[in-house]
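Source file input-v5.tsv; content: TSV, C-alpha atoms.
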```tsv
chain	number	residue	atom	x	y	z
X	1000	MET	CA	25.72	24.23	29.59
X	1001	ALA	CA	24.99	21.34	27.22
X	1002	LEU	CA	22.29	22.05	24.66
X	1003	LEU	CA	20.19	19.51	22.78
X	1004	ARG	CA	20.99	19.97	19.10
X	1005	ILE	CA	18.31	18.67	16.75
X	1006	THR	CA	18.41	18.95	12.98
X	1007	SER	CA	15.22	20.63	11.72
X	1008	PRO	CA	13.67	20.96	15.19
X	1009	HIS	CA	10.41	22.23	13.70
X	1010	THR	CA	9.80	18.76	12.24
X	1011	GLN	CA	10.16	16.98	15.57
X	1012	ARG	CA	6.85	16.00	17.15
X	1013	ALA	CA	6.24	14.46	20.52
X	1014	GLY	CA	5.81	10.69	20.31
X	1015	ARG	CA	6.87	10.45	16.64
X	1016	ARG	CA	9.77	8.16	17.25
X	1017	THR	CA	10.57	5.34	14.84
X	1018	SER	CA	8.94	2.81	17.14
X	1019	TRP	CA	5.69	4.82	17.23
X	1020	VAL	CA	5.58	5.09	13.43
X	1021	MET	CA	6.17	1.34	13.03
X	1022	GLN	CA	3.46	0.54	15.57
X	1023	MET	CA	0.95	2.78	13.77
X	1024	VAL	CA	1.66	1.12	10.43
X	1025	ILE	CA	1.21	-2.31	12.03
X	1026	LEU	CA	-2.09	-1.20	13.57
X	1027	ALA	CA	-3.23	0.16	10.19
X	1028	THR	CA	-2.98	-3.35	8.71
X	1029	ILE	CA	-5.54	-4.71	11.19
X	1030	PRO	CA	-8.63	-4.03	9.00
X	1031	GLY	CA	-7.03	-5.98	6.15
X	1032	ILE	CA	-5.92	-8.80	8.46
X	1033	VAL	CA	-9.44	-9.10	9.87
X	1034	VAL	CA	-11.00	-9.29	6.40
X	1035	GLN	CA	-8.42	-11.83	5.19
X	1036	THR	CA	-9.04	-14.00	8.26
X	1037	TRP	CA	-12.82	-13.74	7.76
X	1038	LEU	CA	-12.56	-14.75	4.09
X	1039	PHE	CA	-9.69	-17.26	4.12
X	1040	GLY	CA	-9.63	-18.66	7.65
X	1041	TRP	CA	-6.99	-18.84	10.37
X	1042	GLY	CA	-4.00	-19.31	8.08
X	1043	THR	CA	-3.22	-15.59	7.88
X	1044	LEU	CA	-2.94	-15.30	11.67
X	1045	ILE	CA	-0.78	-18.42	11.88
X	1046	ASN	CA	1.49	-17.02	9.17
X	1047	LEU	CA	1.77	-13.80	11.14
X	1048	MET	CA	2.84	-15.64	14.29
X	1049	ILE	CA	5.48	-17.65	12.39
X	1050	ALA	CA	6.71	-14.52	10.62
X	1051	CYS	CA	6.99	-12.44	13.79
X	1052	ILE	CA	8.90	-15.12	15.69
X	1053	THR	CA	11.26	-15.64	12.73
X	1054	ALA	CA	11.84	-11.89	12.32
X	1055	LEU	CA	12.68	-11.33	15.99
X	1056	LEU	CA	15.02	-14.33	16.14
X	1057	SER	CA	16.77	-13.40	12.87
X	1058	GLU	CA	17.18	-9.77	13.89
X	1059	ALA	CA	18.48	-10.71	17.36
X	1060	ALA	CA	20.95	-13.24	15.95
X	1061	ILE	CA	22.44	-10.83	13.41
X	1062	LEU	CA	22.60	-7.98	15.93
X	1063	ALA	CA	24.42	-10.25	18.34
X	1064	ILE	CA	26.89	-11.26	15.62
X	1065	ARG	CA	27.42	-7.58	14.77
X	1066	ARG	CA	27.84	-6.81	18.49
X	1067	ARG	CA	25.00	-4.31	18.51
X	1068	SER	CA	22.46	-3.76	21.26
X	1069	VAL	CA	19.77	-6.38	20.67
X	1070	GLY	CA	17.16	-4.87	22.97
X	1071	PHE	CA	17.59	-1.34	21.64
X	1072	PHE	CA	17.10	-2.25	17.97
X	1073	LEU	CA	14.32	-4.78	18.55
X	1074	LYS	CA	12.29	-2.06	20.26
X	1075	ASP	CA	12.02	-0.02	17.05
X	1076	TYR	CA	9.43	-2.57	15.76
X	1077	SER	CA	10.88	-2.47	12.22
X	1078	ALA	CA	11.49	-6.23	12.22
X	1079	LEU	CA	7.92	-6.86	13.35
X	1080	LEU	CA	6.57	-4.59	10.61
X	1081	THR	CA	8.51	-6.52	7.97
X	1082	ALA	CA	7.09	-9.73	9.41
X	1083	VAL	CA	3.51	-8.41	9.36
X	1084	LEU	CA	3.79	-7.20	5.75
X	1085	LEU	CA	5.14	-10.57	4.65
X	1086	GLY	CA	2.65	-12.50	6.77
X	1087	VAL	CA	-0.36	-10.94	5.06
X	1088	ALA	CA	1.23	-11.06	1.58
X	1089	LEU	CA	1.86	-14.82	1.64
X	1090	PRO	CA	-0.94	-17.33	0.88
X	1091	PRO	CA	-2.80	-18.37	4.07
X	1092	VAL	CA	-1.79	-22.06	3.88
X	1093	VAL	CA	1.75	-21.69	2.57
X	1094	PRO	CA	4.09	-24.22	4.26
X	1095	TRP	CA	5.78	-22.87	7.37
X	1096	TRP	CA	9.26	-23.14	5.87
X	1097	VAL	CA	8.30	-20.77	3.05
X	1098	THR	CA	7.34	-18.10	5.58
X	1099	VAL	CA	10.53	-18.68	7.56
X	1100	THR	CA	12.64	-18.45	4.40
X	1101	ALA	CA	10.97	-15.24	3.22
X	1102	VAL	CA	11.22	-13.45	6.58
X	1103	ALA	CA	14.75	-14.62	7.40
X	1104	PHE	CA	16.01	-13.55	3.97
X	1105	ALA	CA	14.27	-10.19	4.29
X	1106	ILE	CA	15.79	-9.45	7.70
X	1107	ILE	CA	19.27	-10.91	7.22
X	1108	PHE	CA	20.10	-10.16	3.59
X	1109	ALA	CA	17.80	-7.29	2.59
X	1110	LYS	CA	18.12	-5.31	5.83
X	1111	GLN	CA	20.98	-6.22	8.16
X	1112	LEU	CA	23.47	-6.99	5.39
X	1113	TYR	CA	23.29	-3.31	4.39
X	1114	GLY	CA	23.70	-2.06	7.95
X	1115	GLY	CA	20.21	-2.24	9.39
X	1116	LEU	CA	17.24	0.09	9.38
X	1117	GLY	CA	17.78	3.21	7.27
X	1118	ASN	CA	20.52	1.72	5.09
X	1119	ASN	CA	18.64	-0.81	2.99
X	1120	PRO	CA	18.24	0.26	-0.67
X	1121	PHE	CA	15.41	-2.23	-1.30
X	1122	ASN	CA	12.17	-2.92	0.51
X	1123	PRO	CA	13.04	-5.91	2.75
X	1124	ALA	CA	9.53	-7.41	2.74
X	1125	MET	CA	9.37	-7.38	-1.06
X	1126	VAL	CA	12.85	-8.87	-1.37
X	1127	GLY	CA	11.76	-11.76	0.85
X	1128	TYR	CA	8.50	-12.14	-1.07
X	1129	ALA	CA	10.23	-12.12	-4.46
X	1130	ILE	CA	12.75	-14.75	-3.33
X	1131	VAL	CA	10.09	-17.29	-2.32
X	1132	LEU	CA	7.87	-16.43	-5.29
X	1133	VAL	CA	10.66	-17.29	-7.70
X	1134	SER	CA	11.99	-20.24	-5.68
X	1135	PHE	CA	8.73	-21.91	-4.65
X	1136	PRO	CA	6.08	-21.05	-7.27
X	1137	VAL	CA	3.72	-23.93	-6.49
X	1138	PRO	CA	3.03	-23.26	-2.78
X	1139	MET	CA	2.99	-19.52	-3.50
X	1140	SER	CA	0.06	-20.04	-5.87
X	1141	GLN	CA	-2.13	-21.93	-3.37
X	1142	TRP	CA	-4.56	-19.23	-2.30
X	1143	LEU	CA	-7.77	-20.21	-0.57
X	1144	GLY	CA	-11.11	-19.45	-2.16
X	1145	VAL	CA	-14.03	-17.68	-0.52
X	1146	GLN	CA	-16.43	-19.99	1.31
X	1147	SER	CA	-19.22	-19.98	-1.30
X	1148	MET	CA	-16.86	-20.79	-4.18
X	1149	ILE	CA	-14.81	-23.76	-2.92
X	1150	SER	CA	-15.90	-27.38	-3.21
X	1151	ALA	CA	-15.44	-27.95	0.53
X	1152	GLY	CA	-18.22	-25.44	1.20
X	1153	GLU	CA	-16.50	-23.88	4.23
X	1154	THR	CA	-13.20	-22.32	5.19
X	1155	LEU	CA	-10.49	-24.26	6.99
X	1156	SER	CA	-10.80	-24.56	10.76
X	1157	PHE	CA	-7.94	-23.55	13.02
X	1158	LEU	CA	-6.77	-27.18	13.37
X	1159	GLN	CA	-7.01	-27.76	9.62
X	1160	SER	CA	-5.03	-24.59	8.98
X	1161	LEU	CA	-2.29	-25.81	11.32
X	1162	GLN	CA	-2.25	-29.17	9.54
X	1163	ALA	CA	-2.03	-27.49	6.13
X	1164	ILE	CA	0.86	-25.25	7.22
X	1165	PHE	CA	2.91	-27.71	9.30
X	1166	HIS	CA	1.91	-31.00	7.71
X	1167	HIS	CA	0.28	-32.20	4.54
X	1168	LEU	CA	-3.49	-31.85	4.39
X	1169	PRO	CA	-4.73	-34.31	1.73
X	1170	VAL	CA	-7.94	-32.38	0.97
X	1171	ILE	CA	-6.28	-28.97	0.59
X	1172	ASP	CA	-7.24	-28.83	-3.10
X	1173	SER	CA	-10.90	-28.65	-2.15
X	1174	TYR	CA	-10.22	-25.35	-0.34
X	1175	THR	CA	-7.90	-23.65	-2.82
X	1176	MET	CA	-8.64	-21.77	-6.02
X	1177	ALA	CA	-6.97	-19.25	-8.28
X	1178	THR	CA	-7.06	-15.55	-7.41
X	1179	PRO	CA	-8.96	-13.25	-9.81
X	1180	LEU	CA	-5.68	-11.98	-11.25
X	1181	ASP	CA	-4.43	-15.53	-11.75
X	1182	GLY	CA	-7.73	-16.55	-13.35
X	1183	PHE	CA	-7.65	-13.64	-15.78
X	1184	LYS	CA	-3.96	-14.17	-16.51
X	1185	HIS	CA	-4.62	-17.74	-17.66
X	1186	LYS	CA	-7.87	-17.20	-19.54
X	1187	ASP	CA	-5.96	-18.23	-22.69
X	1188	LEU	CA	-7.97	-17.45	-25.82
X	1189	LEU	CA	-11.20	-16.56	-24.04
X	1190	ASP	CA	-12.48	-13.03	-24.48
X	1191	THR	CA	-13.06	-10.92	-21.39
X	1192	GLN	CA	-16.81	-11.41	-21.20
X	1193	THR	CA	-16.57	-15.19	-21.60
X	1194	ALA	CA	-13.76	-15.38	-19.02
X	1195	PHE	CA	-15.80	-13.54	-16.40
X	1196	SER	CA	-18.78	-15.82	-16.98
X	1197	SER	CA	-16.95	-19.16	-17.07
X	1198	ILE	CA	-13.85	-18.98	-14.83
X	1199	ALA	CA	-14.60	-19.61	-11.14
X	1200	ALA	CA	-12.00	-17.13	-9.86
X	1201	LEU	CA	-13.72	-14.36	-11.84
X	1202	GLN	CA	-17.19	-14.94	-10.43
X	1203	VAL	CA	-18.90	-12.29	-8.29
X	1204	PRO	CA	-18.28	-13.93	-4.84
X	1205	SER	CA	-14.54	-14.21	-5.54
X	1206	LEU	CA	-14.33	-10.66	-6.91
X	1207	ASN	CA	-16.30	-9.29	-3.95
X	1208	GLY	CA	-13.99	-11.03	-1.50
X	1209	TRP	CA	-10.90	-9.37	-2.96
X	1210	LEU	CA	-12.79	-6.09	-3.18
X	1211	TRP	CA	-13.33	-6.20	0.58
X	1212	VAL	CA	-9.66	-7.00	1.15
X	1213	ASN	CA	-8.57	-3.99	-0.90
X	1214	LEU	CA	-11.13	-1.70	0.74
X	1215	ALA	CA	-9.85	-2.75	4.16
X	1216	TYR	CA	-6.27	-1.84	3.26
X	1217	LEU	CA	-7.53	1.39	1.71
X	1218	VAL	CA	-9.07	2.31	5.08
X	1219	GLY	CA	-5.79	1.55	6.85
X	1220	GLY	CA	-3.84	3.52	4.26
X	1221	LEU	CA	-6.08	6.58	4.58
X	1222	ALA	CA	-5.56	6.41	8.34
X	1223	LEU	CA	-1.79	6.59	7.79
X	1224	ILE	CA	-2.24	9.68	5.61
X	1225	TRP	CA	-4.51	11.25	8.23
X	1226	LEU	CA	-1.86	10.58	10.89
X	1227	ARG	CA	0.73	12.13	8.55
X	1228	ILE	CA	2.86	9.01	8.68
X	1229	ILE	CA	2.83	8.85	4.90
X	1230	THR	CA	1.91	11.43	2.27
X	1231	TRP	CA	-0.64	11.04	-0.49
X	1232	HIS	CA	1.83	11.41	-3.34
X	1233	THR	CA	3.08	7.84	-3.81
X	1234	PRO	CA	-0.27	6.03	-3.33
X	1235	ALA	CA	-2.14	8.51	-5.54
X	1236	ALA	CA	0.47	8.33	-8.29
X	1237	LEU	CA	0.62	4.53	-8.18
X	1238	LEU	CA	-3.14	4.03	-8.28
X	1239	GLY	CA	-3.54	6.84	-10.82
X	1240	ALA	CA	-0.97	5.32	-13.18
X	1241	LEU	CA	-2.56	1.88	-12.82
X	1242	LEU	CA	-5.97	3.45	-13.50
X	1243	VAL	CA	-4.75	5.29	-16.61
X	1244	MET	CA	-2.82	2.32	-18.02
X	1245	SER	CA	-5.68	-0.13	-17.55
X	1246	GLY	CA	-8.23	2.42	-18.78
X	1247	VAL	CA	-6.33	3.22	-21.99
X	1248	PHE	CA	-5.72	-0.41	-22.91
X	1249	HIS	CA	-9.28	-1.37	-22.05
X	1250	LEU	CA	-10.56	1.34	-24.39
X	1251	ILE	CA	-8.24	0.07	-27.12
X	1252	ASP	CA	-9.18	-3.60	-26.73
X	1253	PRO	CA	-12.09	-4.25	-24.32
X	1254	THR	CA	-12.44	-7.86	-25.49
X	1255	ASP	CA	-9.04	-8.92	-24.17
X	1256	THR	CA	-8.29	-6.60	-21.23
X	1257	ALA	CA	-9.81	-6.06	-17.80
X	1258	THR	CA	-11.43	-2.87	-16.57
X	1259	PRO	CA	-9.62	-0.33	-14.36
X	1260	PHE	CA	-11.98	-1.27	-11.51
X	1261	PHE	CA	-10.79	-4.88	-11.73
X	1262	HIS	CA	-7.13	-3.85	-11.54
X	1263	LEU	CA	-7.70	-1.51	-8.59
X	1264	THR	CA	-9.76	-3.95	-6.51
X	1265	THR	CA	-7.91	-7.24	-6.96
X	1266	GLY	CA	-4.52	-8.50	-5.90
X	1267	ALA	CA	-2.31	-6.26	-3.78
X	1268	ALA	CA	-3.21	-2.93	-5.39
X	1269	MET	CA	-4.22	-1.04	-2.22
X	1270	PHE	CA	-1.87	-2.95	0.05
X	1271	GLY	CA	1.05	-2.19	-2.23
X	1272	ALA	CA	0.10	1.46	-2.74
X	1273	PHE	CA	-0.24	2.38	0.95
X	1274	PHE	CA	1.94	-0.10	2.85
X	1275	ILE	CA	4.72	-1.25	0.48
X	1276	ALA	CA	5.51	1.58	-1.93
X	1277	THR	CA	5.55	4.15	0.89
X	1278	ASP	CA	8.52	2.62	2.72
X	1279	PRO	CA	10.45	5.77	3.76
X	1280	VAL	CA	13.90	4.17	3.41
X	1281	SER	CA	13.78	2.63	-0.06
X	1282	SER	CA	11.39	5.08	-1.76
X	1283	CYS	CA	11.79	8.70	-2.87
X	1284	THR	CA	11.80	11.57	-0.40
X	1285	SER	CA	10.85	14.66	-2.40
X	1286	ASN	CA	7.19	15.16	-3.27
X	1287	ARG	CA	7.87	15.37	-7.00
X	1288	GLY	CA	10.05	12.31	-6.69
X	1289	LYS	CA	7.28	10.40	-4.92
X	1290	LEU	CA	4.88	11.16	-7.78
X	1291	ILE	CA	7.34	9.84	-10.37
X	1292	TYR	CA	8.24	6.87	-8.18
X	1293	GLY	CA	4.60	5.90	-7.56
X	1294	ALA	CA	3.64	6.33	-11.21
X	1295	GLY	CA	6.54	4.12	-12.24
X	1296	ILE	CA	5.37	1.35	-9.92
X	1297	GLY	CA	1.79	1.63	-11.22
X	1298	ILE	CA	2.97	1.35	-14.83
X	1299	LEU	CA	5.19	-1.63	-14.01
X	1300	ILE	CA	2.36	-3.38	-12.16
X	1301	TYR	CA	0.14	-3.17	-15.24
X	1302	ILE	CA	2.94	-4.28	-17.57
X	1303	ILE	CA	3.75	-7.33	-15.42
X	1304	ARG	CA	0.09	-8.22	-14.94
X	1305	SER	CA	-0.61	-7.99	-18.67
X	1306	TRP	CA	2.55	-9.34	-20.31
X	1307	GLY	CA	4.79	-10.65	-17.54
X	1308	GLY	CA	5.09	-14.13	-16.13
X	1309	TYR	CA	3.31	-13.40	-12.83
X	1310	PRO	CA	-0.35	-12.52	-12.14
X	1311	ASP	CA	0.54	-9.56	-9.90
X	1312	GLY	CA	3.48	-7.22	-10.19
X	1313	VAL	CA	3.57	-5.22	-6.97
X	1314	ALA	CA	6.73	-6.80	-5.55
X	1315	PHE	CA	8.75	-6.56	-8.76
X	1316	GLY	CA	7.40	-3.10	-9.56
X	1317	VAL	CA	8.48	-1.80	-6.15
X	1318	LEU	CA	11.92	-3.43	-6.32
X	1319	LEU	CA	12.61	-2.10	-9.81
X	1320	MET	CA	11.66	1.42	-8.77
X	1321	ASN	CA	13.82	1.06	-5.64
X	1322	PHE	CA	16.72	0.99	-8.09
X	1323	ALA	CA	15.61	4.29	-9.58
X	1324	ALA	CA	14.69	6.09	-6.33
X	1325	PRO	CA	18.12	7.69	-5.65
X	1326	LEU	CA	18.34	8.98	-9.24
X	1327	ILE	CA	14.78	10.35	-9.11
X	1328	ASP	CA	15.50	12.10	-5.82
X	1329	TYR	CA	18.69	13.59	-7.23
X	1330	TYR	CA	16.84	15.25	-10.10
X	1331	THR	CA	13.76	16.31	-8.13
X	1332	GLN	CA	15.36	18.13	-5.22
X	1333	PRO	CA	13.19	20.97	-3.89
X	1334	ARG	CA	14.40	24.54	-3.98
X	1335	THR	CA	16.70	25.32	-1.07
X	1336	TYR	CA	15.65	28.28	1.05
X	1337	GLY	CA	17.45	31.38	-0.17
X	1338	HIS	CA	18.08	30.02	-3.67
X	1339	LYS	CA	16.10	30.94	-6.78
X	1340	LYS	CA	16.20	27.53	-8.45
X	1341	ALA	CA	16.23	23.97	-7.21
X	1342	LYS	CA	19.31	21.92	-7.85
X	1343	SER	CA	18.47	19.50	-10.68
X	1344	GLY	CA	21.56	17.41	-11.15
X	1345	LEU	CA	25.13	18.01	-12.24
X	1346	LYS	CA	25.82	20.48	-15.00
X	1347	VAL	CA	28.52	19.95	-17.63
X	1348	GLY	CA	31.81	21.27	-16.32
X	1349	GLU	CA	30.49	21.64	-12.74
X	1350	ASP	CA	32.79	20.54	-9.94
X	1351	ASN	CA	31.51	17.93	-7.47
```
The structure in this file should be written as structure tokens.
Amino acid sequence: MALLRITSPHTQRAGRRTSWVMQMVILATIPGIVVQTWLFGWGTLINLMIACITALLSEAAILAIRRRSVGFFLKDYSALLTAVLLGVALPPVVPWWVTVTAVAFAIIFAKQLYGGLGNNPFNPAMVGYAIVLVSFPVPMSQWLGVQSMISAGETLSFLQSLQAIFHHLPVIDSYTMATPLDGFKHKDLLDTQTAFSSIAALQVPSLNGWLWVNLAYLVGGLALIWLRIITWHTPAALLGALLVMSGVFHLIDPTDTATPFFHLTTGAAMFGAFFIATDPVSSCTSNRGKLIYGAGIGILIYIIRSWGGYPDGVAFGVLLMNFAAPLIDYYTQPRTYGHKKAKSGLKVGEDN
């Protein structure tokens, strides 16, 4: 009689297949997508469509070249999740070829080149994002402003969004403005109080818009924790480290640094904490490891935002900590049942 042998059968739950997990994460991004569409127009949804089509075609092509079952692997929804994460991370009116480049690179080089899902050492979405951020800095900086802050006085219509993405829209400058992080990054010699009163990107309507975006992704992230798809360790450690770093430096020099509230409610803070840093393949697996991993990302985000060359540091913070994840896991292994102490790395003179 053939028996079904399952490793750790007590951890197996009905319906918790990879495809179900990926679908739940995609659904959890909906509040953020809705808010971004409400604030910045149709560009986000158009980006998502381009990204999803590119991801499916890239995944299918590489699977066919590798002689793997195309239908079987496409049904795990991992390619679609990568596309969704990139689609919402890119500016709403970024040219279509930037989206195609980011998604194709993420799927082909950051995922399939290493053997597919479960083998990639780096977060594919962040690899794709970092590539286009470094390669095409100008279109990657063209974020749309909230309706009350832009000179056009209204967000782009669906047709205008299509024109901006697939063709050149001559009046696009009247719809774009710097993000709050970008505005604060380039405040030059202005003190904090003067910057917040004189720079358009740091005015209340702009700050409130990004606050709503972050709150929306916070809601989706809490839903993932409630569904036990992710644990609280990485998001809490990331946001906690960002809070502590920004709080300490703001206490030291309040005239030249932003408040912790600003750092937590602008840019990709919540999106990165709940949807990017928690990637189960490229992050840490032990609970202690997740705390160290998340804290490292939070510290790197603040360092890059404050002294680096980019306004936000989520992508680079995650990728740098992806390097360290295997080492962190190795030294934070939990105690094995039946043993008094947890294994904490190789000892001198110990055989492998």
Have a look at X:Ala1215, X:Val1243, X:Leu1210, X:Val1317 and name the one nearest to X:Val1034; count only C-alpha atoms. X:Ala1215
Residues near stretch 1195-1207 of chain X, anyone? I mean within 10 Å using all atoms listed in the file, not counting same-chain ones fewer than 6 positions away, as a PyMOL selection string. chain X and resi 1038+1144-1149+1176-1183+1185-1186+1189+1213+1257+1261+1264-1265
Show me, as JSON, numbers by chain, the residues that have an atom within 6 Å of stretch 1055-1066 of chain X when counting only C-alpha atoms, minus same-chain residues fewer than 3 positions from it. {"X": [1052, 1069, 1103]}
4 Å per side around stretch 1321-1333 of chain X: axis-aligned box centre and edge lengths, as AutoDock Vina command-line options:
```
--center_x 15.9 --center_y 11.0 --center_z -7.0 --size_x 13.5 --size_y 28.0 --size_z 14.2
```
Calculated over all atoms listed in the file, which of the candidates X:Trp1209, X:Phe1104, X:Tyr1113, X:Trp1306 has the smallest distance to X:Gly1127?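 Looking only at the distances to X:Gly1127, the closest residue turns out to be X:Phe1104.
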Using only C-alpha atoms, which residues sit within 10 Å of X:Leu1044 once same-chain residues fewer than 3 positions away are excluded, as number ranges by chain? X: 1032-1033, 1035-1036, 1040-1041, 1047-1050, 1083, 1086-1087, 1091, 1157, 1160
Å distance separating atom CA of X:Pro1310 from atom CA of X:Gly1293, one decimal place: 19.6 Å
Do a neighbour search on X:Gly1239 at 12 Å with all atoms listed in the file, toss out local chain neighbours closer than 6 positions, and write the hits as a JSON list (two decimals) with C-alpha atoms, in the frame of the given file.
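Everything below was put into around.json:
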```
[["chain", "number", "residue", "atom", "x", "y", "z"],
["X", 1231, "TRP", "CA", -0.64, 11.04, -0.49],
["X", 1232, "HIS", "CA", 1.83, 11.41, -3.34],
["X", 1233, "THR", "CA", 3.08, 7.84, -3.81],
["X", 1245, "SER", "CA", -5.68, -0.13, -17.55],
["X", 1246, "GLY", "CA", -8.23, 2.42, -18.78],
["X", 1259, "PRO", "CA", -9.62, -0.33, -14.36],
["X", 1260, "PHE", "CA", -11.98, -1.27, -11.51],
["X", 1262, "HIS", "CA", -7.13, -3.85, -11.54],
["X", 1263, "LEU", "CA", -7.70, -1.51, -8.59],
["X", 1268, "ALA", "CA", -3.21, -2.93, -5.39],
["X", 1269, "MET", "CA", -4.22, -1.04, -2.22],
["X", 1272, "ALA", "CA", 0.10, 1.46, -2.74],
["X", 1290, "LEU", "CA", 4.88, 11.16, -7.78],
["X", 1291, "ILE", "CA", 7.34, 9.84, -10.37],
["X", 1293, "GLY", "CA", 4.60, 5.90, -7.56],
["X", 1294, "ALA", "CA", 3.64, 6.33, -11.21],
["X", 1295, "GLY", "CA", 6.54, 4.12, -12.24],
["X", 1296, "ILE", "CA", 5.37, 1.35, -9.92],
["X", 1297, "GLY", "CA", 1.79, 1.63, -11.22],
["X", 1298, "ILE", "CA", 2.97, 1.35, -14.83],
["X", 1300, "ILE", "CA", 2.36, -3.38, -12.16],
["X", 1301, "TYR", "CA", 0.14, -3.17, -15.24]]
```
Protein, DNA and RNA residues within 9 Å of (9.2, -6.3, 11.8), all atoms listed in the file, as a list in words: Met1021, Ile1025, Ala1050, Cys1051, Ala1054, Leu1055, Glu1058, Leu1073, Asp1075, Tyr1076, Ser1077, Ala1078, Leu1079, Leu1080, Thr1081, Ala1082, Val1083, Leu1084 and Ile1106 of chain X
Please save C-alpha atoms of the selected residues as a PDB file, in the frame of the given file.
```pdb
ATOM      1  CA  MET X1021       6.170   1.340  13.030  1.00  0.00           C
ATOM      2  CA  ILE X1025       1.210  -2.310  12.030  1.00  0.00           C
ATOM      3  CA  ALA X1050       6.710 -14.520  10.620  1.00  0.00           C
ATOM      4  CA  CYS X1051       6.990 -12.440  13.790  1.00  0.00           C
ATOM      5  CA  ALA X1054      11.840 -11.890  12.320  1.00  0.00           C
ATOM      6  CA  LEU X1055      12.680 -11.330  15.990  1.00  0.00           C
ATOM      7  CA  GLU X1058      17.180  -9.770  13.890  1.00  0.00           C
ATOM      8  CA  LEU X1073      14.320  -4.780  18.550  1.00  0.00           C
ATOM      9  CA  ASP X1075      12.020  -0.020  17.050  1.00  0.00           C
ATOM     10  CA  TYR X1076       9.430  -2.570  15.760  1.00  0.00           C
ATOM     11  CA  SER X1077      10.880  -2.470  12.220  1.00  0.00           C
ATOM     12  CA  ALA X1078      11.490  -6.230  12.220  1.00  0.00           C
ATOM     13  CA  LEU X1079       7.920  -6.860  13.350  1.00  0.00           C
ATOM     14  CA  LEU X1080       6.570  -4.590  10.610  1.00  0.00           C
ATOM     15  CA  THR X1081       8.510  -6.520   7.970  1.00  0.00           C
ATOM     16  CA  ALA X1082       7.090  -9.730   9.410  1.00  0.00           C
ATOM     17  CA  VAL X1083       3.510  -8.410   9.360  1.00  0.00           C
ATOM     18  CA  LEU X1084       3.790  -7.200   5.750  1.00  0.00           C
ATOM     19  CA  ILE X1106      15.790  -9.450   7.700  1.00  0.00           C
TER      20      ILE X1106
END
```
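Near X:Leu1143, within 6 Å and counting all atoms listed in the file, sit Phe1039, Tyr1174, Thr1175 and Met1176 of chain X; same-chain residues fewer than 4 positions away were not included.
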